[in-house]
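Peer 1: Below: one structure in structure tokens.
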Amino acid sequence: MATIVSLLLLLVFLALGFSAGRFRLIRESRALETVFSVSLYLLLTSMGLRLGQSREVLSRLSEIGGLAVACTLGAAFGTLFMHFAAIPLYRKLPRVPVSDRPAAGGRRLAMLFLNLRKPLVLLLLVVVGSAVGMLLPPVEALRDGSVSTWILYALLFIIGIQMALGGHGLRKMLLNPSVILIPAVTICGTLAGSLVLMPLYGLSLGHSLAMGSGFGWYSLSGVLIADRGEPVLGAAAFLSNLLRETLAFLLVPALRATGGYESGVGLCGATSMDVTLPVLEDTWGSGIVPVSVAHGVILSFLVPFLVPLFMSF
């Protein structure tokens with residue numbers, strides 16, 4: 001029952017935001033972007049504070065790191081394997097026209113440093129929050145996750161608005177079978193790869209799937225798992241999805257040699273709609289943008305529901 005209530009609340013706030021954007025009660029503006037950024041920073045800081053208040057997490061840092069790396073590699077290579085296996089199917093469907101002109105090496109290097117800056121800043125927020133949490137006396141609102149939960153609801157409300165405001169061109173894209181197939185393959189590959197955590201770390205089926213079902217959305221998946229009473233898994237999920245995004249920045253240019261953009265989009269996961277979109281566009285051309293955005297929107301929409309659902313197993 002608690003899981004159902006949690007899923008309904010997430011859906012309610014996402015739907016409220018979507019409705020506000022759909023009926024133009026709130027319009028896209030710089031202020032909305034600022035509120036989103038502040039909410040994201042507060043969410044990750046509160047997550048860090050909660051981790052710092054948990055002595056269990058602090059005593060298992062090496063395990064968290066191992067879990068994160070194993071989940072990242074399993075999810076990433078599971079995704080790539082599935083997309084490579086689906087190449088014959090992709091060739092039978094209409095494909096997005098892409099550019100044959102790679103970006104200059106110097107530009108790629110500059111983009112890499114620029115794009116890695118944001119995840120490093122967000123990681124620093126969690127680290128600083130954890131340090132402050134260690135120094136503070138026990139605060140129940142931080143330890144039980146109620147602060148993180150309400151910030152999460154606010155963030156989902158804003159995400160709902162952004163989905164509505166940016167969704168006009170998505171309807172046509174979502175009717176294209178090839179556009180739907182790419183996120184479906186990404187989901188299957190990511191979840192299959194995350195099952196490596198069962199034999200390596202003795203995780204249950206549900207917990208292993210929950211670790212992978214963040215699809216690179218580190219700012220949300222870790223909080224959702226921690227809110228289910230698993231701060232260690234939450235910390236590992238945050239780090240794992242952060243590492244997946246970083247791995248995408250490094251591998252996407254090399255994946256161009258495979259001749260198919262689907263593996264690159266899939267590796268980026270939910271971040272293909274925003275953070276990793278520039279490197280995808282730089283590698284395959286502007287034609288990749290619509291399918292990348294549709295891929296990211298579909299995965300991002302599923303994360304708030306799949307993670308709590310799998311955690312209930």
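To be explicit about the labels: the chains of the structure tokens are called A, B, and onward in the order shown, and within each one the residues are counted from 1, while ligands get numbers from 1 in the order they are shown.
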Using only C-alpha atoms, find each residue in region 162-239 of chain A having at least one atom no more than 12 Å away from region 251-262 of chain A; report its shortest atom-to-atom pair and that distance in Å (one decimal), rows by chain then rising number, as CSV.

Peer 2:
```
residue,atom,partner,partner_atom,distance
A:Ser178,CA,A:Glu262,CA,9.7
A:Val179,CA,A:Glu262,CA,9.6
A:Ile180,CA,A:Glu262,CA,11.5
A:Leu181,CA,A:Glu262,CA,9.6
A:Ile182,CA,A:Glu262,CA,6.5
A:Pro183,CA,A:Glu262,CA,9.2
A:Ala184,CA,A:Glu262,CA,11.3
A:Val185,CA,A:Glu262,CA,9.3
A:Thr186,CA,A:Glu262,CA,9.1
```

Peer 1: Compile a residue-level contact table for region 143-260 of chain A against region 122-130 of chain A at a cut-off of 9 Å, reporting for every qualifying residue the shortest atom pair and its distance in Å to one decimal, with only C-alpha atoms counted, rows ordered by chain and ascending number, as a Markdown table.

Peer 2:
```
| residue | atom | partner | partner_atom | distance |
| --- | --- | --- | --- | --- |
| A:Ser219 | CA | A:Leu122 | CA | 8.4 |
| A:Leu239 | CA | A:Leu123 | CA | 8.2 |
| A:Leu242 | CA | A:Leu123 | CA | 8.2 |
```

Peer 1: Would you please work out which residue, of A:Ala68, A:Val293, A:Met134, A:Leu165, is nearest to Ser194 (chain A) when using only C-alpha atoms?

Peer 2: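 Under the stated criterion, the closest residue is A:Ala68.
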
Peer 1: Give me the residues of region 146-246 of chain A that have any atom at most 8 Å from an atom of region 72-75 of chain A; for each, the nearest atom pair and the distance in Å, rounded to one decimal. Use only C-alpha atoms, sort by chain and number, and format it as JSON lines.

Peer 2:
```
{"residue": "A:Gly189", "atom": "CA", "partner": "A:Ala75", "partner_atom": "CA", "distance": 6.8}
{"residue": "A:Thr190", "atom": "CA", "partner": "A:Ala75", "partner_atom": "CA", "distance": 4.3}
{"residue": "A:Leu191", "atom": "CA", "partner": "A:Ala75", "partner_atom": "CA", "distance": 6.7}
{"residue": "A:Ala192", "atom": "CA", "partner": "A:Ala75", "partner_atom": "CA", "distance": 7.3}
{"residue": "A:Gly193", "atom": "CA", "partner": "A:Gly74", "partner_atom": "CA", "distance": 4.3}
{"residue": "A:Ser194", "atom": "CA", "partner": "A:Ala75", "partner_atom": "CA", "distance": 5.2}
{"residue": "A:Leu195", "atom": "CA", "partner": "A:Gly74", "partner_atom": "CA", "distance": 7.7}
{"residue": "A:Val196", "atom": "CA", "partner": "A:Gly74", "partner_atom": "CA", "distance": 6.3}
{"residue": "A:Gly212", "atom": "CA", "partner": "A:Ala75", "partner_atom": "CA", "distance": 6.3}
{"residue": "A:Ser240", "atom": "CA", "partner": "A:Thr72", "partner_atom": "CA", "distance": 5.2}
{"residue": "A:Asn241", "atom": "CA", "partner": "A:Thr72", "partner_atom": "CA", "distance": 6.8}
{"residue": "A:Leu243", "atom": "CA", "partner": "A:Thr72", "partner_atom": "CA", "distance": 6.4}
{"residue": "A:Arg244", "atom": "CA", "partner": "A:Thr72", "partner_atom": "CA", "distance": 5.6}
```

Peer 1: Mind writing the picked residues with N, CA and C atoms as a CSV table (one decimal), in the first residue's frame?

Peer 2:
```csv
chain,number,residue,atom,x,y,z
A,189,GLY,N,18.1,-3.5,-22.2
A,189,GLY,CA,19.6,-3.7,-22.0
A,189,GLY,C,20.0,-3.2,-20.6
A,190,THR,N,19.5,-2.1,-20.2
A,190,THR,CA,19.9,-1.5,-18.9
A,190,THR,C,19.5,-2.4,-17.7
A,191,LEU,N,18.2,-2.9,-17.8
A,191,LEU,CA,17.7,-3.7,-16.7
A,191,LEU,C,18.4,-5.1,-16.7
A,192,ALA,N,18.7,-5.6,-17.9
A,192,ALA,CA,19.3,-6.9,-18.0
A,192,ALA,C,20.8,-6.8,-17.4
A,193,GLY,N,21.4,-5.7,-17.8
A,193,GLY,CA,22.8,-5.5,-17.3
A,193,GLY,C,22.9,-5.3,-15.8
A,194,SER,N,21.9,-4.7,-15.2
A,194,SER,CA,21.9,-4.4,-13.8
A,194,SER,C,21.7,-5.7,-13.0
A,195,LEU,N,21.3,-6.8,-13.6
A,195,LEU,CA,21.2,-8.1,-12.9
A,195,LEU,C,22.5,-8.6,-12.5
A,196,VAL,N,23.6,-8.1,-13.0
A,196,VAL,CA,24.9,-8.5,-12.5
A,196,VAL,C,25.1,-8.3,-11.0
A,212,GLY,N,19.3,-0.1,-11.7
A,212,GLY,CA,19.5,0.2,-13.1
A,212,GLY,C,18.4,1.1,-13.7
A,240,SER,N,26.3,5.7,-9.4
A,240,SER,CA,26.2,4.8,-10.6
A,240,SER,C,25.7,5.6,-11.8
A,241,ASN,N,24.6,6.3,-11.6
A,241,ASN,CA,24.0,7.1,-12.7
A,241,ASN,C,24.9,8.3,-13.1
A,243,LEU,N,28.1,8.1,-13.0
A,243,LEU,CA,29.2,7.5,-13.8
A,243,LEU,C,28.7,7.1,-15.2
A,244,ARG,N,27.4,6.8,-15.3
A,244,ARG,CA,26.9,6.4,-16.6
A,244,ARG,C,26.9,7.6,-17.5
```

Peer 1: Provide the CA of Phe301 (chain A) to CA of Ala237 (chain A) distance in Å, to one decimal place.

Peer 2: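 Going from CA of Phe301 (chain A) over to CA of Ala237 (chain A) covers 17.7 Å.
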
Peer 1: Nearest residue to Leu152 (chain A) out of A:Ser204, A:Thr246, A:Thr283, A:Thr45, using only C-alpha atoms?

Peer 2: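 Nearest to Leu152 (chain A): A:Thr45.
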
Peer 1: Show which residues sit within 7 Å of Ala236 (chain A), as an MDAnalysis selection string. Count only C-alpha atoms, and ignore same-chain residues fewer than 6 positions away.

Peer 2: chainID A and resid 64:65 67:68

Peer 1: I'd like the contact shell of region 223-228 of chain A - 9 Å cut-off, only C-alpha atoms, skipping same-chain residues fewer than 5 positions apart - returned as a list in words.

Peer 2: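 Those residues are Thr3, Leu43, Leu44, Met47, Asp144, Gly145, Ser146, Ser148, Thr149, Leu152, His207, Ala210, Met211, Tyr218, Leu233, Gly234, Ala235, Ala237, Phe238, Pro304, Val307, Pro308, Met311 and Ser312 of chain A.
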
Peer 1: From the list A:Val147, A:Met163, A:Met82, A:Leu197, which residue is nearest Gly266 (chain A) when using only C-alpha atoms?

Peer 2: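 Closest to Gly266 (chain A), using only C-alpha atoms: A:Met82.
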
Peer 1: Using only C-alpha atoms, find the one residue out of A:Phe23, A:Tyr90, A:Tyr153, A:Phe36 that sits nearest to Leu8 (chain A).

Peer 2: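 Distance minimum relative to Leu8 (chain A) lands on A:Tyr153.
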
Peer 1: Could you check how far CA of Thr276 (chain A) sits from CA of Ser221 (chain A), in Å to one decimal?

Peer 2: 17.6 Å

Peer 1: List every residue of region 123-303 of chain A that DSSP, applied to the backbone of this structure, assigns to helix (DSSP H, G or I), and report them as a PyMOL selection string.

Peer 2: chain A and resi 123-135+140-143+146-165+170-174+177-194+197-201+205-212+218-226+231-258+262-273+277-284+286-303

Peer 1: Keeping C-alpha atoms for every residue in the selection just given, could you write it to a file as a compact mmCIF listing (two decimals), in the first residue's frame?

Peer 2:
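result.txt was written with the following content:
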```txt
# COMPACT_ATOMS: atom_id res chain seq x y z
CA LEU A 123 28.64 15.52 -6.91
CA LEU A 124 30.39 18.19 -4.86
CA LEU A 125 27.02 19.28 -3.43
CA VAL A 126 26.36 15.74 -2.20
CA VAL A 127 29.85 15.49 -0.71
CA VAL A 128 29.57 18.86 1.06
CA GLY A 129 26.08 17.98 2.27
CA SER A 130 27.37 14.69 3.66
CA ALA A 131 30.18 16.47 5.51
CA VAL A 132 27.74 18.96 7.04
CA GLY A 133 25.37 16.14 7.95
CA MET A 134 28.16 14.41 9.86
CA LEU A 135 28.82 17.54 11.89
CA GLU A 140 14.83 13.54 12.29
CA ALA A 141 13.52 15.47 9.27
CA LEU A 142 16.84 14.85 7.52
CA ARG A 143 17.24 11.24 8.59
CA SER A 146 10.86 13.99 4.59
CA VAL A 147 12.83 17.08 3.51
CA SER A 148 14.12 15.32 0.37
CA THR A 149 10.64 14.02 -0.41
CA TRP A 150 9.00 17.45 -0.51
CA ILE A 151 11.82 18.91 -2.58
CA LEU A 152 11.40 15.95 -4.94
CA TYR A 153 7.69 16.71 -5.33
CA ALA A 154 8.53 20.32 -6.22
CA LEU A 155 11.12 19.14 -8.75
CA LEU A 156 8.64 16.74 -10.38
CA PHE A 157 6.09 19.56 -10.63
CA ILE A 158 8.62 21.65 -12.55
CA ILE A 159 9.61 18.67 -14.72
CA GLY A 160 5.94 18.20 -15.59
CA ILE A 161 5.78 21.83 -16.72
CA GLN A 162 8.89 21.44 -18.86
CA MET A 163 7.55 18.25 -20.47
CA ALA A 164 4.31 20.03 -21.42
CA LEU A 165 6.03 23.14 -22.75
CA LEU A 170 7.08 14.88 -29.59
CA ARG A 171 3.65 13.64 -30.63
CA LYS A 172 4.68 13.00 -34.23
CA MET A 173 7.98 11.48 -33.11
CA LEU A 174 6.25 9.08 -30.72
CA PRO A 177 8.10 2.86 -34.57
CA SER A 178 11.87 3.40 -34.68
CA VAL A 179 11.64 6.18 -32.09
CA ILE A 180 9.70 3.93 -29.71
CA LEU A 181 12.00 0.97 -30.34
CA ILE A 182 15.19 2.74 -29.23
CA PRO A 183 14.09 3.48 -25.63
CA ALA A 184 12.50 0.01 -25.43
CA VAL A 185 15.86 -1.57 -26.29
CA THR A 186 17.63 0.77 -23.84
CA ILE A 187 15.29 -0.28 -21.04
CA CYS A 188 15.77 -3.99 -21.75
CA GLY A 189 19.55 -3.67 -21.98
CA THR A 190 19.91 -1.52 -18.88
CA LEU A 191 17.73 -3.73 -16.70
CA ALA A 192 19.34 -6.92 -17.99
CA GLY A 193 22.81 -5.51 -17.32
CA SER A 194 21.88 -4.42 -13.79
CA LEU A 197 24.44 -7.10 -9.02
CA MET A 198 22.56 -10.21 -7.91
CA PRO A 199 25.51 -12.66 -8.01
CA LEU A 200 28.17 -10.03 -7.25
CA TYR A 201 26.53 -8.34 -4.25
CA LEU A 205 15.89 -9.04 -8.15
CA GLY A 206 13.86 -5.93 -7.32
CA HIS A 207 16.77 -4.01 -5.80
CA SER A 208 19.02 -4.85 -8.74
CA LEU A 209 16.43 -3.64 -11.23
CA ALA A 210 15.80 -0.49 -9.18
CA MET A 211 19.51 0.32 -9.26
CA GLY A 212 19.48 0.21 -13.06
CA TYR A 218 21.26 10.50 -10.93
CA SER A 219 19.49 13.46 -9.30
CA LEU A 220 16.26 11.47 -8.93
CA SER A 221 17.01 7.75 -8.74
CA GLY A 222 19.22 7.95 -5.64
CA VAL A 223 16.63 9.93 -3.69
CA LEU A 224 13.82 7.58 -4.68
CA ILE A 225 15.76 4.54 -3.48
CA ALA A 226 16.88 6.23 -0.25
CA PRO A 231 20.34 4.88 1.99
CA VAL A 232 23.31 2.70 0.98
CA LEU A 233 21.62 1.65 -2.28
CA GLY A 234 20.48 5.23 -2.80
CA ALA A 235 24.02 6.53 -2.55
CA ALA A 236 25.25 3.79 -4.91
CA ALA A 237 22.46 4.53 -7.41
CA PHE A 238 23.31 8.24 -7.41
CA LEU A 239 26.98 7.54 -8.07
CA SER A 240 26.22 4.83 -10.64
CA ASN A 241 23.99 7.07 -12.74
CA LEU A 242 26.51 9.89 -12.48
CA LEU A 243 29.19 7.52 -13.77
CA ARG A 244 26.91 6.41 -16.62
CA GLU A 245 26.56 9.99 -17.80
CA THR A 246 30.32 10.48 -17.61
CA LEU A 247 30.91 7.24 -19.50
CA ALA A 248 28.54 8.43 -22.22
CA PHE A 249 30.56 11.61 -22.73
CA LEU A 250 33.67 9.49 -23.20
CA LEU A 251 32.26 6.70 -25.41
CA VAL A 252 29.67 8.39 -27.64
CA PRO A 253 32.24 9.84 -30.11
CA ALA A 254 33.85 6.40 -30.43
CA LEU A 255 30.46 4.74 -31.06
CA ARG A 256 30.16 6.73 -34.28
CA ALA A 257 32.47 4.14 -35.85
CA THR A 258 29.76 1.48 -35.42
CA GLU A 262 21.04 4.07 -31.63
CA SER A 263 23.78 2.71 -29.35
CA GLY A 264 25.00 6.22 -28.56
CA VAL A 265 21.52 7.51 -27.75
CA GLY A 266 20.85 4.41 -25.64
CA LEU A 267 24.06 4.74 -23.66
CA CYS A 268 23.11 8.31 -22.72
CA GLY A 269 19.86 7.04 -21.23
CA ALA A 270 17.50 9.64 -19.81
CA THR A 271 20.12 12.36 -20.27
CA SER A 272 19.88 12.14 -24.07
CA MET A 273 17.23 14.88 -23.88
CA LEU A 277 22.40 15.96 -26.15
CA PRO A 278 25.25 18.31 -27.28
CA VAL A 279 27.74 15.45 -27.67
CA LEU A 280 25.15 13.38 -29.57
CA GLU A 281 24.44 16.26 -31.92
CA ASP A 282 28.13 16.96 -32.35
CA THR A 283 28.79 13.32 -33.23
CA TRP A 284 25.83 12.57 -35.56
CA SER A 286 21.34 17.93 -35.87
CA GLY A 287 19.12 15.19 -37.29
CA ILE A 288 19.71 13.20 -34.10
CA VAL A 289 18.08 15.81 -31.86
CA PRO A 290 14.37 14.82 -32.19
CA VAL A 291 14.96 11.11 -31.57
CA SER A 292 17.36 11.89 -28.67
CA VAL A 293 14.82 14.16 -27.01
CA ALA A 294 12.00 11.63 -27.45
CA HIS A 295 14.24 8.87 -26.05
CA GLY A 296 15.12 10.96 -22.99
CA VAL A 297 11.53 12.04 -22.34
CA ILE A 298 10.24 8.45 -22.40
CA LEU A 299 12.93 7.20 -20.01
CA SER A 300 12.63 10.23 -17.72
CA PHE A 301 8.89 9.73 -17.46
CA LEU A 302 9.36 6.08 -16.42
CA VAL A 303 12.04 6.62 -13.75
```
